[in-house]
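For reference, the structure is listed below as structure tokens.
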Amino acid sequence: MKNLHKFIILAGLTLGIASCAQNTAEDETTKKELGNTILTTTSLLKDLVQEIAGNDFDVSALMGAGVDPHLYKPTRSDIKRLREADVVVFNGIHLEGRMSEIKTQVAKEAHVITASDAFDAANLINSTDFEDGQDPHFWFDLSLWVDVTNKISQELGALYPENQEVFEKNAMAYVRKLKNLHVEIMELVKEIPEENRILVTSHDALSYFARTYGFQVKSLQGSSTSAEFGVKDVKEMVDFIVENKIPAIFPENIVSNQALEALIKGCEKRGYTVKLADELYSDALGEDGGPADTFIGMYRENINTIVKALK
Amino acid sequence: MDPTFQFVLVGILLLSAAASLVGTYNFFQKQALVGETIAHAMLPGIVLAFLISGVKNPWYLLLGAGFSGWLSVLFIDWIKRESKIKADAAMAIALTFFFGIGVMLMVRLQQMEIGNQSGLDHYLFGKAAAMTGEDGKLFFLTAIIVLTLMIRYHRDIKLLCFNREYAATIGVNVKRIDFILSFMTILVIATGIKAAGIILMAALVIAPAAAASFWTRKYATFLVLAVGIGALGGLSGVTVSYYISGMPTGPWIIVFLFFFSLFSMLFAPGKGYVPRMMLRAKARQKIRVENLLKSVYYDFYRHPDKKRILYFNNLNKDERLLIPHLTKKGYVEPLDKLHGTLTQKGYREGKRIYRLHCLWEIYLWRKMNISVESTHSDAEYIEHIITPEVEKMIMDDLGYCERFEPLTEIHNYLSRENSQNTAHV
Amino acid sequence: MSDALIIILVGFLVAVNSGITGAFMVLRKLSMIGDAISHAVLPGIIIAYMISGHRENFFFLLGAAFMGVFVTLMIDWFNKKGKLPTDASIGLSFTFLFAVGIILISAFTDQVDIDADCVLYGEISLVPFHTYTIFGVEIGTKALWDNLFILGLILAFVGFMYRPLFISSFNEEYGQSVGVPIRSIRLSLMILVSLTTVFAFESVGAILVVAFLVIPPATALLVSQRLPHMLAITTMLALFSSVGGFFLADSIDGSIAGSMSFVAGIMFVGVILGKKFYARFARKRFSPHQL
């Protein structure tokens, strides 16, 4: 019983401290002076914002190269960066998982931009029966990425009126680059015979790419990393590969290659050889200094891999 | 037959055999969750292997995983040896301690911005439906090793399962056997996890042993049953996922194994829940019947004037409900709606129970020197359990011949006591 | 209040909540229950999503809490009525529920990323960013209030039920014979544990809760086998591991949850080693050979 009293005193103390929190928290809600630190959640967004803002701004990403947004765990220094940032850019559509919930609180101290607000939700792919079951990998649709570019440049322009012209200029240049990339991809895709335009992947992240360039995407697992498949699914996929004479299948770096190896073995037994192509990038950029360290570089790497494998 | 189906089926059967064998030992050691623990404790090894090698090669990762899994098993053994902490707590501590280190390493890795790190935490863990012939060969080797070791050391392992202290005193090298057993556990889980994933491995270690434990008390039968149940679960899961699309293989195996265990738990003769409950209900019914017959008999015995008429209205509700049952059994003969009488058989049965009751009272009174009044409640309980053999032993012990009548003895005792009391007053 | 203080306080509260309930679990050989619940919540989450059709925390929490209670009752039934050892009961129940969750995902929601990691487990470093607001006034950190509420529940339960809990934790048969309502005590304890665990998952994630459920109480059990001492030591260890873990994470800029469970584990190892060396020292000192 004595211990119970101790606990109650302890609980009371904690409560007291918690209620103090409320007083100080109110003081902090006033926004600090606008500096030029911009923080993005993913490395893809960091690349985009850097292109728009130029070198006068300090742009960094919470999730660095190769970091899977589903697995990202913030550390103390990340929290400090979040607190100190002047502008924070989120991807939206639940890509950040439970981290997207902190938006309201972050918005009290910094300016928050959500990339997915740039376009109408009707543009998103939703292959489920659920209202908010949209696929968050929208950056593979370049037209949506152009919308995001314009939106970020506008928002930044409103925040830093003195830099507005620079932003607009940079954004226009970047949009031009994206459009060139689009044209380039259209040309490259033509090299792939129509009947070969099928992407068999281990994890479904390419549906926006497929929609834009007329590919069909097949995956064993769907876009959920927790989903599993059965023997019949593997068998049907093998049948599909053999029937459509698909030359190559694509691994993705998020899940094990085991499933794809099983497909290759299954095809082998049926007397058909299917290649394992190089890895595709999906949720994060490649290492710094590598060919895929920018959005455009990454996209080009992906399309080269696809064309090389399916030609 | 479809090659995918063959690969997966053969792989699963071999894997489940090896895992069930390893599971039996761990079941007895109260560490059924060892698979789950090792699987989680593999995380730091996986991250370190990736940091050292820099490539996401499953074999390197498996090496690291096996190493840190092994360390976690040593850690569990160390905790159990050095303290009084029980196996379950030791495993939970090992799991969280190692996994915590793993999470710290993962975050360190995240800050290093190495391009191909994503998905590292579950990269190593496969899915049962994607097993290949190579996996099958690996499992074959594993199963052979496990089986050889189990057969080679079966006597020692059996002793260790049932009583460690005893095994140590008769000269079993406990440390070596422990080493061999933990080696087998690690081997099975590490090879299995790459092809079948964490949760299926955890279940394959637990469920077959748990289900088999309800059916037998013999060690060898237990092993065979566990392997059989594991194989059946594997076969059912693979079959379901072969005939219906979108049905994941591993989870269905777990579901089948769960229902096999549940079935065993409910219906296994002797140890199952339903047979136990039925036995209990039967015993209760027997006690109720015997109590009723005894009290009716006693009533008739004490009140010969009642002409052996049983008034149903004088019985309480539960007893009245027993009447049809007693009639069917031929203990009671109803005369009309409200009256009945005991048959010859019923009278004899009531007398038998009452006789046993008295006999026990006398036994306690004579041998333990407890007064007859205070032995009554004990006798109320014992009277239902005494078998003819026990009865004979009591009679012999008291030195009575078979014609001895405890009823009269008790009667005389009680009337003597009564008269003494009255005399005293 | 600074972020650091909030994180330490939340860590401490979670550690105390898990530690107190965990002490009873360790005594009942149910230490792995935290890990079991962390897996078993999956079907609850998926079903909640399928019914509501929305990614709404409240529904996920509801589904998870329901499944958390369900799995503890299932474990209890298997153990007490089914006569299966506690560890096998735990293993059987959670692997089954997790498998059901995976089957549901594969059949219905394989195009959405919904699992416990994405939608249920919180992250301790982010707790300062979740606050409660009532009528436009911010009233402090959400995780603090949530866990304080749970602490209140636990203290009320332990306070009112101290004697029956105490008796039934060490000897159920004895408790039964002196008329303690063993069954209802046990069931309410199990429900309390599952609610504590699920709420703590929502605030700080799984690993920290699973660690705090077992390591501090087990360490306390090394030092004292008296329940009041055990609870007091558990609280102290909770404080040490949350503060120590935080500063370790701060100095290496690492994972806070990982560091806190690491520090708790190190303290456990330290106590075993300390006891061992103390015993050796004591034996030497009083050894008759030295006379």
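Within each chain, counting starts at residue 1; across the structure tokens, chains are named A, B, ... in the order shown, with ligands numbered 1 upward in that order.
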
Distance filter 7 Å, only C-alpha atoms, chain C against chain B, as a ChimeraX atom specification: /C:26,29-32,81-82,87-88,91-92,95-96,99-100,102-103,106-107,207,210-211,214-215,254-255,258-259,261-262,265,272

With N, CA, C and O atoms retained, export the selected residues as a tab-separated table (two decimals), in the first residue's frame.
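Final file, again-v6.tsv:
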```tsv
chain	number	residue	atom	x	y	z
C	26	VAL	N	5.28	-11.74	-15.86
C	26	VAL	CA	6.50	-12.52	-15.64
C	26	VAL	C	6.24	-13.59	-14.57
C	26	VAL	O	6.65	-14.74	-14.71
C	29	LYS	N	4.46	-16.56	-15.99
C	29	LYS	CA	5.13	-17.19	-17.14
C	29	LYS	C	4.48	-16.77	-18.45
C	29	LYS	O	4.35	-17.56	-19.38
C	30	LEU	N	4.05	-15.52	-18.52
C	30	LEU	CA	3.43	-15.02	-19.75
C	30	LEU	C	4.24	-13.88	-20.35
C	30	LEU	O	3.69	-12.98	-20.99
C	31	SER	N	5.57	-13.93	-20.15
C	31	SER	CA	6.39	-12.78	-20.57
C	31	SER	C	6.29	-12.46	-22.05
C	31	SER	O	6.47	-11.32	-22.45
C	32	MET	N	6.02	-13.47	-22.87
C	32	MET	CA	6.01	-13.22	-24.32
C	32	MET	C	4.68	-12.62	-24.79
C	32	MET	O	4.46	-12.49	-25.98
C	81	LYS	N	-8.16	-24.12	-19.65
C	81	LYS	CA	-9.15	-25.15	-19.99
C	81	LYS	C	-8.56	-26.22	-20.90
C	81	LYS	O	-8.91	-27.38	-20.80
C	82	GLY	N	-7.69	-25.78	-21.82
C	82	GLY	CA	-7.13	-26.73	-22.77
C	82	GLY	C	-5.91	-27.46	-22.26
C	82	GLY	O	-5.41	-28.35	-22.90
C	87	ASP	N	3.55	-21.19	-22.80
C	87	ASP	CA	4.32	-20.74	-23.96
C	87	ASP	C	3.72	-21.26	-25.26
C	87	ASP	O	3.59	-20.52	-26.23
C	88	ALA	N	3.29	-22.53	-25.26
C	88	ALA	CA	2.68	-23.07	-26.47
C	88	ALA	C	1.34	-22.40	-26.74
C	88	ALA	O	0.99	-22.14	-27.89
C	91	GLY	N	2.11	-19.14	-28.41
C	91	GLY	CA	2.59	-19.32	-29.77
C	91	GLY	C	1.48	-19.73	-30.72
C	91	GLY	O	1.37	-19.20	-31.83
C	92	LEU	N	0.65	-20.64	-30.27
C	92	LEU	CA	-0.43	-21.13	-31.11
C	92	LEU	C	-1.39	-19.99	-31.46
C	92	LEU	O	-1.80	-19.83	-32.61
C	95	THR	N	0.34	-16.94	-33.76
C	95	THR	CA	0.66	-17.30	-35.14
C	95	THR	C	-0.62	-17.45	-35.94
C	95	THR	O	-0.70	-17.04	-37.10
C	96	PHE	N	-1.65	-18.02	-35.32
C	96	PHE	CA	-2.92	-18.20	-36.02
C	96	PHE	C	-3.53	-16.85	-36.40
C	96	PHE	O	-3.90	-16.62	-37.55
C	99	ALA	N	-1.62	-15.15	-39.10
C	99	ALA	CA	-1.85	-15.80	-40.39
C	99	ALA	C	-3.20	-15.38	-40.96
C	99	ALA	O	-3.32	-15.10	-42.16
C	100	VAL	N	-4.22	-15.29	-40.09
C	100	VAL	CA	-5.53	-14.84	-40.55
C	100	VAL	C	-5.41	-13.42	-41.11
C	100	VAL	O	-5.98	-13.10	-42.17
C	102	ILE	N	-2.78	-12.05	-42.51
C	102	ILE	CA	-2.11	-12.09	-43.81
C	102	ILE	C	-3.08	-12.58	-44.88
C	102	ILE	O	-3.11	-12.04	-46.01
C	103	ILE	N	-3.89	-13.57	-44.53
C	103	ILE	CA	-4.86	-14.08	-45.52
C	103	ILE	C	-5.84	-12.98	-45.89
C	103	ILE	O	-6.15	-12.78	-47.07
C	106	SER	N	-4.07	-10.51	-48.17
C	106	SER	CA	-3.86	-11.02	-49.52
C	106	SER	C	-5.17	-11.09	-50.29
C	106	SER	O	-5.20	-10.90	-51.50
C	107	ALA	N	-6.27	-11.36	-49.58
C	107	ALA	CA	-7.54	-11.52	-50.27
C	107	ALA	C	-8.22	-10.20	-50.54
C	107	ALA	O	-8.86	-10.03	-51.58
C	207	ILE	N	8.52	-2.50	-30.25
C	207	ILE	CA	9.72	-3.06	-29.60
C	207	ILE	C	9.89	-2.55	-28.17
C	207	ILE	O	10.16	-3.31	-27.24
C	210	VAL	N	7.28	-4.22	-25.80
C	210	VAL	CA	7.58	-5.63	-25.55
C	210	VAL	C	8.79	-5.74	-24.60
C	210	VAL	O	8.81	-6.57	-23.69
C	211	ALA	N	9.77	-4.85	-24.79
C	211	ALA	CA	10.95	-4.86	-23.93
C	211	ALA	C	10.60	-4.45	-22.51
C	211	ALA	O	10.98	-5.10	-21.55
C	214	VAL	N	8.89	-6.95	-20.09
C	214	VAL	CA	9.59	-8.07	-19.46
C	214	VAL	C	10.91	-7.68	-18.79
C	214	VAL	O	11.19	-8.14	-17.68
C	215	ILE	N	11.71	-6.82	-19.42
C	215	ILE	CA	13.07	-6.64	-18.87
C	215	ILE	C	13.08	-6.01	-17.48
C	215	ILE	O	13.66	-6.58	-16.56
C	254	GLY	N	20.92	7.97	-32.47
C	254	GLY	CA	20.36	6.70	-32.96
C	254	GLY	C	18.90	6.58	-32.63
C	254	GLY	O	18.23	7.55	-32.28
C	255	SER	N	18.42	5.34	-32.74
C	255	SER	CA	17.02	5.07	-32.48
C	255	SER	C	16.73	5.15	-30.98
C	255	SER	O	17.42	4.52	-30.18
C	258	GLY	N	15.16	1.75	-29.73
C	258	GLY	CA	16.20	0.73	-29.68
C	258	GLY	C	17.14	0.95	-28.50
C	258	GLY	O	17.45	0.02	-27.76
C	259	SER	N	17.53	2.22	-28.28
C	259	SER	CA	18.47	2.51	-27.19
C	259	SER	C	17.84	2.22	-25.84
C	259	SER	O	18.51	1.71	-24.94
C	261	SER	N	15.52	0.05	-25.06
C	261	SER	CA	15.47	-1.39	-24.74
C	261	SER	C	16.88	-1.94	-24.56
C	261	SER	O	17.10	-2.86	-23.76
C	262	PHE	N	17.84	-1.35	-25.28
C	262	PHE	CA	19.24	-1.77	-25.11
C	262	PHE	C	19.71	-1.48	-23.69
C	262	PHE	O	20.29	-2.35	-23.03
C	265	GLY	N	18.23	-3.86	-21.28
C	265	GLY	CA	18.89	-5.16	-21.38
C	265	GLY	C	20.24	-5.17	-20.70
C	265	GLY	O	20.60	-6.11	-20.00
C	272	ILE	N	22.71	-9.40	-13.17
C	272	ILE	CA	23.12	-10.80	-13.04
C	272	ILE	C	24.61	-10.88	-12.71
C	272	ILE	O	25.02	-11.56	-11.76
```

Each residue of chain C with at least one atom at most 7 Å from chain A should appear once, together with its nearest atom pair and the corresponding distance in Å (one decimal); atoms considered: only C-alpha atoms; ordering: chain, then increasing residue number; output as a Markdown table.
```
| residue | atom | partner | partner_atom | distance |
| --- | --- | --- | --- | --- |
| C:Met1 | CA | A:Ala21 | CA | 4.8 |
| C:Gly53 | CA | A:Phe130 | CA | 5.3 |
| C:His54 | CA | A:Asp132 | CA | 6.2 |
| C:Arg55 | CA | A:Asp132 | CA | 7.0 |
| C:Ile102 | CA | A:Ala227 | CA | 6.1 |
| C:Ile105 | CA | A:Ala227 | CA | 5.6 |
| C:Ser106 | CA | A:Ala227 | CA | 4.8 |
| C:Asp110 | CA | A:Gly222 | CA | 5.1 |
| C:Gln111 | CA | A:Ser223 | CA | 4.8 |
| C:Val112 | CA | A:Gly133 | CA | 5.5 |
| C:Asp113 | CA | A:Ser224 | CA | 4.4 |
| C:Ile114 | CA | A:Ser224 | CA | 6.8 |
| C:Asp115 | CA | A:Ser226 | CA | 6.9 |
| C:Cys118 | CA | A:Gly97 | CA | 5.0 |
| C:Val119 | CA | A:Arg98 | CA | 5.9 |
| C:Gly122 | CA | A:Arg98 | CA | 6.9 |
| C:Ser125 | CA | A:Pro74 | CA | 6.5 |
| C:Phe129 | CA | A:Ile102 | CA | 5.4 |
| C:His130 | CA | A:Ile102 | CA | 6.2 |
| C:Glu138 | CA | A:Gln22 | CA | 6.5 |
| C:Ile139 | CA | A:Gln22 | CA | 5.3 |
| C:Gly140 | CA | A:Gln22 | CA | 5.0 |
| C:Gly159 | CA | A:Leu4 | CA | 6.4 |
| C:Pro228 | CA | A:Asn3 | CA | 6.7 |
| C:Ala232 | CA | A:Asn3 | CA | 6.8 |
| C:Asp250 | CA | A:Arg76 | CA | 6.1 |
| C:Asp253 | CA | A:Arg76 | CA | 5.9 |
| C:Gly254 | CA | A:Thr75 | CA | 5.7 |
| C:Ser255 | CA | A:Thr75 | CA | 5.6 |
| C:Ile256 | CA | A:Thr75 | CA | 6.9 |
```

Interface rows for chain B against chain A: nearest pair, Å to one decimal, 10 Å, only C-alpha atoms, as a tab-separated table:
```
residue	atom	partner	partner_atom	distance
B:Asp2	CA	A:Lys235	CA	7.9
B:Pro3	CA	A:Gly266	CA	6.8
B:Thr4	CA	A:Gly266	CA	6.1
B:Phe5	CA	A:Val231	CA	6.4
B:Gln6	CA	A:Val231	CA	9.9
B:Phe7	CA	A:Gly266	CA	9.5
B:Val8	CA	A:Val231	CA	7.6
B:Leu9	CA	A:Val231	CA	9.5
B:Lys56	CA	A:Asn253	CA	9.3
B:Pro58	CA	A:Ser256	CA	8.6
B:Val103	CA	A:Lys73	CA	9.0
B:Met104	CA	A:Lys73	CA	9.9
B:Met106	CA	A:Lys73	CA	8.8
B:Val107	CA	A:Lys73	CA	6.6
B:Arg108	CA	A:Thr75	CA	9.6
B:Leu109	CA	A:Val67	CA	9.1
B:Gln110	CA	A:Val67	CA	6.2
B:Gln111	CA	A:Gly64	CA	7.1
B:Met112	CA	A:Gly64	CA	8.2
B:Glu113	CA	A:Ala65	CA	4.9
B:Ile114	CA	A:Gly66	CA	6.0
B:Gly115	CA	A:Gly66	CA	4.2
B:Asn116	CA	A:Gly66	CA	5.5
B:Gln117	CA	A:Gly66	CA	5.7
B:Ser118	CA	A:Asp68	CA	5.0
B:Gly119	CA	A:Ile254	CA	4.4
B:Leu120	CA	A:Ile254	CA	7.6
B:Asp121	CA	A:Leu71	CA	8.7
B:His122	CA	A:Val255	CA	7.1
B:Tyr123	CA	A:Ser256	CA	4.6
B:Leu124	CA	A:Ser256	CA	6.4
B:Phe125	CA	A:Ser256	CA	7.1
B:Gly126	CA	A:Gln258	CA	6.2
B:Lys127	CA	A:Glu228	CA	7.0
B:Ala128	CA	A:Gly230	CA	7.9
B:Ala129	CA	A:Val231	CA	4.9
B:Ala130	CA	A:Ala259	CA	5.0
B:Met131	CA	A:Ala262	CA	6.4
B:Thr132	CA	A:Ala262	CA	5.7
B:Gly133	CA	A:Lys265	CA	8.3
B:Glu134	CA	A:Lys265	CA	9.9
B:Lys194	CA	A:Gln258	CA	8.6
B:Ala195	CA	A:Gln258	CA	7.7
B:Gly237	CA	A:Gly230	CA	9.2
B:Val238	CA	A:Val231	CA	6.9
B:Thr239	CA	A:Val231	CA	8.3
B:Val240	CA	A:Gly230	CA	8.5
B:Ser241	CA	A:Gly230	CA	4.8
B:Tyr242	CA	A:Lys232	CA	4.4
B:Tyr243	CA	A:Lys232	CA	6.3
B:Ile244	CA	A:Lys232	CA	6.6
B:Ser245	CA	A:Lys232	CA	5.2
B:Gly246	CA	A:Phe229	CA	6.0
B:Met247	CA	A:Gly230	CA	5.1
B:Pro248	CA	A:Gly230	CA	4.0
B:Thr249	CA	A:Gly230	CA	4.7
B:Gly250	CA	A:Gly230	CA	7.9
B:Pro251	CA	A:Glu228	CA	8.3
B:Trp252	CA	A:Gly230	CA	9.1
```

Using only C-alpha atoms, which protein or nucleic acid residues come within 9 Å of segment 282-289 of chain B? Drop anything in the same chain fewer than 5 positions from it, and give the result as a CSV table (one decimal) with N, CA, C and O atoms, in the first residue's frame.
```csv
chain,number,residue,atom,x,y,z
B,277,MET,N,-14.4,-33.1,-19.9
B,277,MET,CA,-15.7,-32.6,-19.4
B,277,MET,C,-16.7,-33.7,-19.3
B,277,MET,O,-17.5,-33.7,-18.3
B,294,LYS,N,-28.7,-43.3,-1.7
B,294,LYS,CA,-28.2,-43.5,-0.3
B,294,LYS,C,-29.2,-42.8,0.7
B,294,LYS,O,-29.6,-43.4,1.7
B,318,ASP,N,-33.6,-30.8,-8.1
B,318,ASP,CA,-32.5,-31.6,-8.8
B,318,ASP,C,-32.8,-33.1,-8.7
B,318,ASP,O,-32.6,-33.8,-9.6
B,319,GLU,N,-33.2,-33.4,-7.5
B,319,GLU,CA,-33.4,-34.9,-7.3
B,319,GLU,C,-34.6,-35.4,-8.1
B,319,GLU,O,-34.6,-36.5,-8.6
B,322,LEU,N,-33.8,-36.4,-11.4
B,322,LEU,CA,-33.1,-37.6,-11.6
B,322,LEU,C,-34.0,-38.8,-11.7
B,322,LEU,O,-33.5,-39.9,-12.1
B,325,HIS,N,-34.3,-40.9,-14.9
B,325,HIS,CA,-33.0,-41.6,-15.1
B,325,HIS,C,-32.9,-42.8,-14.3
B,325,HIS,O,-32.5,-43.9,-14.7
B,326,LEU,N,-33.3,-42.7,-13.0
B,326,LEU,CA,-33.2,-43.8,-12.1
B,326,LEU,C,-34.2,-44.9,-12.5
B,326,LEU,O,-33.9,-46.1,-12.4
B,381,TYR,N,-17.5,-37.9,0.7
B,381,TYR,CA,-16.7,-37.8,-0.5
B,381,TYR,C,-16.2,-39.2,-0.9
B,381,TYR,O,-16.3,-39.6,-2.1
B,384,HIS,N,-18.0,-42.5,-2.8
B,384,HIS,CA,-18.2,-42.7,-4.2
B,384,HIS,C,-17.0,-43.3,-4.9
B,384,HIS,O,-17.0,-43.7,-6.0
```

Compile the contact shell of Leu165 of chain C as a list in words: residues with an atom at most 10 Å away, counting only C-alpha atoms, same-chain residues fewer than 2 positions apart removed. Phe24, Phe157, Val158, Gly159, Phe160, Met161, Tyr162, Arg163, Ile167, Ser168, Ser169, Phe170, Glu172, Gly175, Val180, Pro181, Ile182, Ile185, Arg186, Leu189 and Leu227 of chain C

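Using only C-alpha atoms, the residues found no farther than 7 Å from segment 217-225 of chain B, other than those of its own chain fewer than 4 positions away, are Leu21, Thr24, Ala212, Ser213 and Ile229 of chain B.
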
Write a file of the selected residues as a PDB file, in the first residue's frame, keeping N, CA, C and O atoms.
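To be explicit, this is the file written out as part_28.pdb:
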```
ATOM      1  N   LEU B  21      10.369 -31.987 -35.263  1.00  0.00           N
ATOM      2  CA  LEU B  21      11.292 -32.717 -34.394  1.00  0.00           C
ATOM      3  C   LEU B  21      11.961 -31.770 -33.402  1.00  0.00           C
ATOM      4  O   LEU B  21      12.030 -32.042 -32.207  1.00  0.00           O
ATOM      5  N   THR B  24       9.497 -30.618 -30.686  1.00  0.00           N
ATOM      6  CA  THR B  24       9.131 -31.501 -29.575  1.00  0.00           C
ATOM      7  C   THR B  24      10.004 -31.237 -28.362  1.00  0.00           C
ATOM      8  O   THR B  24       9.514 -31.119 -27.250  1.00  0.00           O
ATOM      9  N   ALA B 212       0.418 -32.883 -30.908  1.00  0.00           N
ATOM     10  CA  ALA B 212       0.775 -34.271 -30.610  1.00  0.00           C
ATOM     11  C   ALA B 212       0.749 -34.556 -29.113  1.00  0.00           C
ATOM     12  O   ALA B 212       0.443 -35.675 -28.691  1.00  0.00           O
ATOM     13  N   SER B 213       1.039 -33.525 -28.318  1.00  0.00           N
ATOM     14  CA  SER B 213       1.148 -33.754 -26.870  1.00  0.00           C
ATOM     15  C   SER B 213      -0.168 -34.223 -26.264  1.00  0.00           C
ATOM     16  O   SER B 213      -0.184 -34.772 -25.171  1.00  0.00           O
ATOM     17  N   ILE B 229       1.635 -34.738 -37.940  1.00  0.00           N
ATOM     18  CA  ILE B 229       0.710 -33.598 -37.916  1.00  0.00           C
ATOM     19  C   ILE B 229       1.304 -32.430 -38.692  1.00  0.00           C
ATOM     20  O   ILE B 229       0.622 -31.767 -39.475  1.00  0.00           O
TER      21      ILE B 229
END
```

Report as a short mmCIF file (atom, residue, chain, number, x, y, z; two decimals) with N, CA and C atoms, in the first residue's frame all protein, DNA and RNA residues lying within 12 Å of Val307 of chain A, evaluated on only C-alpha atoms, omitting residues in the same chain fewer than 3 positions from it.
```cif
data_model
loop_
_atom_site.label_atom_id
_atom_site.label_comp_id
_atom_site.auth_asym_id
_atom_site.auth_seq_id
_atom_site.Cartn_x
_atom_site.Cartn_y
_atom_site.Cartn_z
N ILE A 185 11.18 9.23 -73.34
CA ILE A 185 10.65 7.93 -72.94
C ILE A 185 9.72 7.38 -74.00
N MET A 186 8.87 8.28 -74.56
CA MET A 186 7.95 7.84 -75.61
C MET A 186 8.73 7.20 -76.74
N GLU A 187 9.85 7.84 -77.10
CA GLU A 187 10.69 7.31 -78.18
C GLU A 187 11.24 5.94 -77.80
N LEU A 188 11.76 5.87 -76.56
CA LEU A 188 12.39 4.62 -76.11
C LEU A 188 11.37 3.49 -76.04
N VAL A 189 10.17 3.84 -75.58
CA VAL A 189 9.14 2.81 -75.42
C VAL A 189 8.79 2.20 -76.77
N LYS A 190 8.88 3.04 -77.83
CA LYS A 190 8.57 2.53 -79.17
C LYS A 190 9.48 1.38 -79.58
N GLU A 191 10.69 1.36 -78.97
CA GLU A 191 11.62 0.27 -79.30
C GLU A 191 11.13 -1.08 -78.78
N ILE A 192 10.24 -1.01 -77.79
CA ILE A 192 9.74 -2.27 -77.23
C ILE A 192 8.52 -2.70 -78.04
N PRO A 193 8.53 -3.93 -78.55
CA PRO A 193 7.36 -4.40 -79.29
C PRO A 193 6.11 -4.35 -78.41
N GLU A 194 5.00 -4.02 -79.04
CA GLU A 194 3.77 -3.78 -78.28
C GLU A 194 3.41 -4.94 -77.36
N ASN A 196 5.27 -6.92 -75.94
CA ASN A 196 6.21 -7.10 -74.83
C ASN A 196 6.03 -6.09 -73.71
N ARG A 197 5.07 -5.18 -73.87
CA ARG A 197 4.97 -4.11 -72.88
C ARG A 197 4.25 -4.58 -71.62
N ILE A 198 4.87 -5.53 -71.00
CA ILE A 198 4.31 -6.09 -69.75
C ILE A 198 5.40 -6.09 -68.69
N LEU A 199 5.09 -5.53 -67.54
CA LEU A 199 6.08 -5.50 -66.45
C LEU A 199 5.66 -6.50 -65.38
N PHE A 215 1.74 0.30 -70.51
CA PHE A 215 2.23 -1.01 -70.11
C PHE A 215 1.17 -1.71 -69.27
N PRO A 247 10.17 -11.55 -72.00
CA PRO A 247 11.60 -11.81 -71.97
C PRO A 247 12.24 -11.63 -70.58
N ALA A 248 11.70 -10.68 -69.78
CA ALA A 248 12.39 -10.42 -68.51
C ALA A 248 11.39 -10.00 -67.44
N ILE A 249 11.77 -10.27 -66.19
CA ILE A 249 10.95 -9.82 -65.07
C ILE A 249 11.80 -8.94 -64.16
N PHE A 250 11.13 -8.06 -63.41
CA PHE A 250 11.86 -6.98 -62.74
C PHE A 250 11.83 -7.09 -61.22
N ALA A 277 15.87 -9.00 -64.74
CA ALA A 277 16.43 -7.71 -65.13
C ALA A 277 17.10 -7.05 -63.94
N ASP A 278 17.70 -5.88 -64.18
CA ASP A 278 18.30 -5.14 -63.06
C ASP A 278 17.20 -4.58 -62.17
N ARG A 300 15.38 7.82 -65.76
CA ARG A 300 16.09 7.37 -66.96
C ARG A 300 16.69 5.98 -66.73
N GLU A 301 17.25 5.77 -65.54
CA GLU A 301 17.80 4.45 -65.20
C GLU A 301 16.72 3.38 -65.33
N ASN A 302 15.54 3.70 -64.75
CA ASN A 302 14.43 2.74 -64.81
C ASN A 302 14.05 2.42 -66.24
N ILE A 303 13.90 3.48 -67.05
CA ILE A 303 13.41 3.24 -68.41
C ILE A 303 14.47 2.50 -69.23
N ASN A 304 15.75 2.82 -68.98
CA ASN A 304 16.81 2.09 -69.68
C ASN A 304 16.78 0.60 -69.32
N LEU A 310 13.29 -5.62 -72.22
CA LEU A 310 12.10 -6.06 -72.97
C LEU A 310 12.24 -5.93 -74.48
N LYS A 311 13.34 -5.29 -74.94
CA LYS A 311 13.51 -5.03 -76.37
C LYS A 311 13.52 -6.33 -77.17
#
```

Would you please give, as a PyMOL selection string, all residues of segment 114-291 of chain B that DSSP assigns to helix (DSSP H, G or I) based on the backbone? chain B and resi 120-123+128-130+133-152+154-162+164-169+174-196+198-212+219-243+249-267+273-291

Within 10 Å of Asn150 of chain A, counting only C-alpha atoms, which residues show up once you throw out same-chain ones fewer than 3 positions away? Write them as a PyMOL selection string, please. chain A and resi 52+118+144-147+153-156+167-168+171-172+174-175

Could the residues in this selection be saved with C-alpha atoms as a short mmCIF file (atom, residue, chain, number, x, y, z; two decimals), in the first residue's frame?
```cif
data_model
loop_
_atom_site.label_atom_id
_atom_site.label_comp_id
_atom_site.auth_asym_id
_atom_site.auth_seq_id
_atom_site.Cartn_x
_atom_site.Cartn_y
_atom_site.Cartn_z
CA ILE A 52 13.20 24.87 -57.84
CA ALA A 118 -1.11 19.79 -56.39
CA LEU A 144 1.44 14.78 -62.01
CA TRP A 145 5.06 15.54 -61.17
CA VAL A 146 4.81 18.66 -63.32
CA ASP A 147 1.76 19.71 -61.30
CA SER A 153 7.13 26.86 -56.94
CA GLN A 154 3.90 28.81 -56.31
CA GLU A 155 3.86 28.05 -52.61
CA LEU A 156 7.51 28.93 -52.20
CA PHE A 167 11.53 29.97 -58.51
CA GLU A 168 9.31 30.42 -61.54
CA ALA A 171 10.36 25.56 -62.24
CA MET A 172 9.83 26.33 -65.91
CA TYR A 174 12.58 21.86 -64.75
CA VAL A 175 9.17 21.33 -66.31
#
```
